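Asks: So here's work-v6.cif (mmCIF, C-alpha atoms).
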data_structure
#
loop_
_atom_site.label_atom_id
_atom_site.label_comp_id
_atom_site.auth_asym_id
_atom_site.auth_seq_id
_atom_site.Cartn_x
_atom_site.Cartn_y
_atom_site.Cartn_z
CA MET A 1 5.82 29.72 65.29
CA GLU A 2 3.96 32.90 66.25
CA LYS A 3 0.43 32.43 67.60
CA GLY A 4 -2.43 34.90 67.36
CA TYR A 5 -3.48 37.34 70.06
CA TRP A 6 -6.24 36.59 72.52
CA ASN A 7 -9.75 37.70 71.73
CA PRO A 8 -10.09 41.30 73.06
CA ILE A 9 -13.51 40.62 74.64
CA PHE A 10 -12.12 37.63 76.52
CA SER A 11 -9.02 39.63 77.50
CA GLY A 12 -11.20 42.47 78.81
CA PHE A 13 -13.23 40.00 80.84
CA ILE A 14 -10.05 38.57 82.39
CA LEU A 15 -8.73 42.06 83.11
CA GLY A 16 -12.00 43.04 84.79
CA THR A 17 -11.89 39.87 86.87
CA VAL A 18 -8.32 40.66 87.97
CA LEU A 19 -9.42 44.19 88.92
CA PHE A 20 -12.34 42.82 90.94
CA ILE A 21 -10.05 40.36 92.75
CA ALA A 22 -7.54 43.16 93.47
CA TYR A 23 -10.29 45.22 95.12
CA ALA A 24 -11.51 42.20 97.06
CA ILE A 25 -8.07 41.16 98.34
CA ALA A 26 -5.98 44.36 98.48
CA GLY A 27 -8.78 46.90 98.88
CA GLN A 28 -7.56 48.91 95.90
CA GLY A 29 -7.31 48.63 92.15
CA VAL A 30 -4.37 47.92 89.89
CA GLY A 31 -1.77 50.26 88.43
CA ALA A 32 1.94 50.48 87.74
CA SER A 33 3.32 53.93 88.54
CA GLY A 34 3.15 53.46 92.29
CA ALA A 35 5.48 50.48 92.02
CA PHE A 36 8.04 52.42 90.02
CA ALA A 37 7.86 55.32 92.49
CA ARG A 38 8.42 52.89 95.37
CA VAL A 39 11.39 51.19 93.68
CA THR A 40 12.94 54.59 92.89
CA ALA A 41 12.42 55.77 96.47
CA GLN A 42 13.97 52.59 97.88
CA LEU A 43 17.00 52.72 95.56
CA THR A 44 17.58 56.38 96.35
CA TYR A 45 17.26 55.65 100.08
CA LEU A 46 19.99 52.99 99.79
CA VAL A 47 22.35 55.63 98.40
CA ASP A 48 21.21 58.46 100.72
CA PRO A 49 19.30 57.45 103.89
CA GLY A 50 18.49 61.13 104.45
CA PHE A 51 16.15 60.81 101.49
CA ALA A 52 13.53 59.36 103.84
CA SER A 53 12.86 62.90 105.06
CA ASN A 54 11.92 63.99 101.53
CA ALA A 55 8.26 65.09 101.56
CA TYR A 56 7.38 63.21 98.39
CA ALA A 57 9.39 60.00 98.67
CA GLY A 58 9.26 59.71 102.44
CA LYS A 59 5.67 58.45 102.32
CA TYR A 60 6.88 55.37 100.44
CA LEU A 61 9.57 54.68 103.04
CA ARG A 62 7.45 54.96 106.21
CA SER A 63 6.82 51.22 106.32
CA GLY A 64 10.58 50.65 106.44
CA ASN A 65 10.86 49.05 103.01
CA ALA A 66 9.12 50.63 100.05
CA LEU A 67 9.28 47.32 98.18
CA SER A 68 7.06 45.52 100.70
CA ASN A 69 3.89 46.97 99.15
CA TRP A 70 1.60 44.69 97.16
CA ILE A 71 1.79 46.87 94.02
CA VAL A 72 5.51 46.07 93.63
CA VAL A 73 4.65 42.37 93.69
CA GLU A 74 1.89 43.05 91.13
CA ILE A 75 4.37 44.62 88.70
CA VAL A 76 6.94 41.84 89.18
CA GLY A 77 4.14 39.39 88.40
CA ALA A 78 3.14 41.40 85.31
CA LEU A 79 6.74 41.36 84.05
CA ILE A 80 7.08 37.62 84.60
CA GLY A 81 3.64 36.95 83.11
CA GLY A 82 4.43 39.10 80.08
CA TYR A 83 7.66 37.22 79.48
CA VAL A 84 5.99 33.81 79.85
CA SER A 85 3.17 34.89 77.51
CA ALA A 86 5.64 36.14 74.89
CA ALA A 87 7.70 32.96 75.16
CA MET A 88 4.63 30.73 74.83
CA SER A 89 3.44 32.57 71.73
CA GLY A 90 6.86 32.74 70.07
CA ARG A 91 7.03 36.55 70.19
CA ILE A 92 10.40 37.01 71.89
CA LYS A 93 12.77 38.69 69.49
CA GLN A 94 15.15 41.61 69.50
CA SER A 95 13.80 44.30 67.20
CA THR A 96 12.66 47.90 67.07
CA ASP A 97 9.15 48.40 65.75
CA ARG A 98 9.17 51.26 63.27
CA GLY A 99 8.03 52.23 59.83
CA VAL A 100 9.90 51.15 56.72
CA GLY A 101 12.91 53.43 56.23
CA TYR A 102 12.38 55.25 59.54
CA PRO A 103 15.74 55.37 61.39
CA VAL A 104 16.07 53.33 64.60
CA TYR A 105 17.78 56.20 66.42
CA LYS A 106 14.77 58.50 65.75
CA ARG A 107 12.33 55.82 66.90
CA LEU A 108 14.30 55.29 70.11
CA PHE A 109 14.61 59.05 70.68
CA TRP A 110 10.85 59.59 70.38
CA ALA A 111 10.12 56.54 72.54
CA PHE A 112 12.48 57.81 75.25
CA LEU A 113 11.09 61.35 75.12
CA GLY A 114 7.53 60.02 75.26
CA GLY A 115 8.42 57.83 78.22
CA VAL A 116 9.93 60.74 80.14
CA LEU A 117 6.86 62.91 79.47
CA ILE A 118 4.50 60.11 80.49
CA ALA A 119 6.48 59.44 83.69
CA PHE A 120 6.31 63.12 84.63
CA ALA A 121 2.61 63.40 83.80
CA THR A 122 1.88 60.18 85.67
CA ARG A 123 3.16 61.61 88.92
CA LEU A 124 1.30 64.89 88.35
CA SER A 125 -1.98 63.10 87.70
CA ARG A 126 -1.49 60.78 90.66
CA GLY A 127 -1.55 57.62 88.60
CA CYS A 128 -0.68 55.87 85.40
CA THR A 129 -2.98 55.09 82.54
CA SER A 130 -3.78 51.64 83.88
CA GLY A 131 -4.53 53.00 87.33
CA GLN A 132 -6.64 55.83 85.95
CA ALA A 133 -8.45 53.79 83.29
CA LEU A 134 -9.03 50.58 85.20
CA SER A 135 -9.18 51.52 88.85
CA GLY A 136 -10.35 55.12 88.54
CA ALA A 137 -12.87 54.70 85.74
CA GLY A 138 -14.00 51.39 87.21
CA GLY A 139 -14.74 53.27 90.43
CA PHE A 140 -16.61 55.98 88.47
CA SER A 141 -14.08 58.70 89.27
CA VAL A 142 -14.91 61.81 87.26
CA GLY A 143 -11.23 62.75 87.11
CA ALA A 144 -10.32 59.34 85.69
CA TRP A 145 -12.98 59.64 82.97
CA ILE A 146 -11.75 63.12 82.08
CA PHE A 147 -8.19 61.77 81.94
CA MET A 148 -9.14 58.88 79.68
CA LEU A 149 -11.19 61.04 77.31
CA SER A 150 -8.29 63.51 77.18
CA ALA A 151 -5.75 60.74 76.53
CA PHE A 152 -7.79 59.23 73.70
CA GLY A 153 -8.53 62.69 72.28
CA ALA A 154 -4.85 63.67 72.35
CA GLY A 155 -3.95 60.36 70.72
CA MET A 156 -6.40 60.90 67.89
CA PHE A 157 -5.20 64.49 67.41
CA LEU A 158 -1.46 63.70 67.50
CA THR A 159 -1.48 60.42 65.55
CA PRO A 160 -1.19 62.09 62.12
CA LEU A 161 1.95 63.91 63.27
CA PHE A 162 3.74 60.63 63.98
CA ARG A 163 2.28 58.45 61.21
CA LYS A 164 5.61 58.47 59.32
CA GLN A 165 7.18 56.39 62.10
CA TRP A 166 4.72 53.55 61.46
CA LYS A 167 4.09 53.73 57.71
CA GLY A 168 4.59 50.39 56.06
CA LEU A 169 4.20 48.24 59.15
#
Let me see the file written as structure tokens.
Replies:
Amino acid sequence: MEKGYWNPIFSGFILGTVLFIAYAIAGQGVGASGAFARVTAQLTYLVDPGFASNAYAGKYLRSGNALSNWIVVEIVGALIGGYVSAAMSGRIKQSTDRGVGYPVYKRLFWAFLGGVLIAFATRLSRGCTSGQALSGAGGFSVGAWIFMLSAFGAGMFLTPLFRKQWKGL
């Protein structure tokens, strides 16, 4: 039986508490893109050890193992926690969220394309949405606030173009 979602105010309070604890323990905020960059660098290094001399990825490999950073552990914990949460609330199912009559292949295509664009933009902006919104905005970074206002503005502007994908949900 599917249970309801948590109260958003309570969830925000918990998220803020986690961010505070991350600053207190690790000396930096939370985010996700750094973990994925580290995993990619480590996997590439296993195939080609010369990759450590790469100007971009080499910084992740200086400690010897890119996976030994706390942010990788954070993301593993988020994945496990997300799975446990979904299992406890009865939300684990195999499906593709889409509008009625909207083809699965189109939904997957747009999701993949959006993911590639976000991954590219994440590295250009030096952080993912969670890192920018939580850690950056929480630290009163002007760049993070500009990013978040731009992201929300773009979302509001582009939503009507993709409404057909979600109609009827």
Asks: Env of Lys3 in chain A: 9 Å cut, atoms = only C-alpha atoms, seq-sep filter 4 positions within chain, self excluded. Answer as a PyMOL selection string.
Replies: chain A and resi 88-91
Asks: If the PyMOL selection byres ((chain A and resi 99) around 12) is run on the structure shown, which residues does it catch, given as a list in words?
Replies: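 Applied to this file, the PyMOL selection byres ((chain A and resi 99) around 12) selects Thr96, Asp97, Arg98, Val100, Gly101, Tyr102, Pro103, Val104, Lys106, Arg107, Phe162, Arg163, Lys164, Gln165, Trp166, Lys167, Gly168 and Leu169 of chain A.
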Asks: Smallest atom-to-atom distance to Leu124 in chain A: which of A:Ser33, A:Ser63, A:Gln28, A:Ser11, using only C-alpha atoms?
Replies: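 For Leu124 in chain A, the nearest of the candidates is A:Ser33.
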Asks: What is the distance, in Å and to one decimal place, between CA of Leu46 in chain A and CA of Tyr60 in chain A?
Replies: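 These two atoms are separated by 13.3 Å.
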Asks: If I take CA of Gly31 in chain A and CA of Glu74 in chain A, how far is one from the other in Å, to one decimal?
Replies: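 That distance, rounded to one decimal, is 8.5 Å.
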Asks: Find, counting all atoms listed in the file, the residue in A:Leu79, A:Ile146, A:Val47, A:Ala154 that gets nearest to Gln132 in chain A.
Replies: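 Looking only at the distances to Gln132 in chain A, the closest residue turns out to be A:Ile146.
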Asks: Do you have the CA of Ala52 in chain A-CA of Ala66 in chain A distance handy?
Replies: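 We find that CA of Ala52 in chain A and CA of Ala66 in chain A lie 10.5 Å from each other.
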Asks: Go through A:Trp110, A:Ser85, A:Asn54, A:Ile25 one by one, measure the shortest atom-to-atom distance of each to Trp6 in chain A using only C-alpha atoms, and give the residue with the smallest value.
Replies: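 Smallest distance to Trp6 in chain A is found for A:Ser85.
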Asks: When you count all atoms listed in the file, which of these residues is closest to Met148 in chain A: A:Asn65, A:Thr129, A:Asn7, A:Thr40?
Replies: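 Going through A:Asn65, A:Thr129, A:Asn7, A:Thr40 one by one, the smallest distance to Met148 in chain A is for A:Thr129.
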Asks: Pick the closest to Ala35 in chain A from A:Gly127, A:Ser53, A:Val18, A:Phe120: which is it, counting all atoms listed in the file?
Replies: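 Of all the options, A:Gly127 lies closest to Ala35 in chain A.
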Asks: When distances are computed from all atoms listed in the file, which of A:Gly27, A:Pro160, A:Gly34, A:Gly153 shows the smallest separation from Asn69 in chain A?
Replies: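 Checking each candidate against Asn69 in chain A, we get A:Gly34 as the closest.
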Asks: Pick out the residues sitting within 9 Å of Val72 in chain A, and hand them over as a VMD selection string; count all atoms listed in the file, and ignore anything fewer than 4 positions along from it in its own chain.
Replies: chain A and resid 32 34 to 36 38 to 39 66 to 68 76 to 77
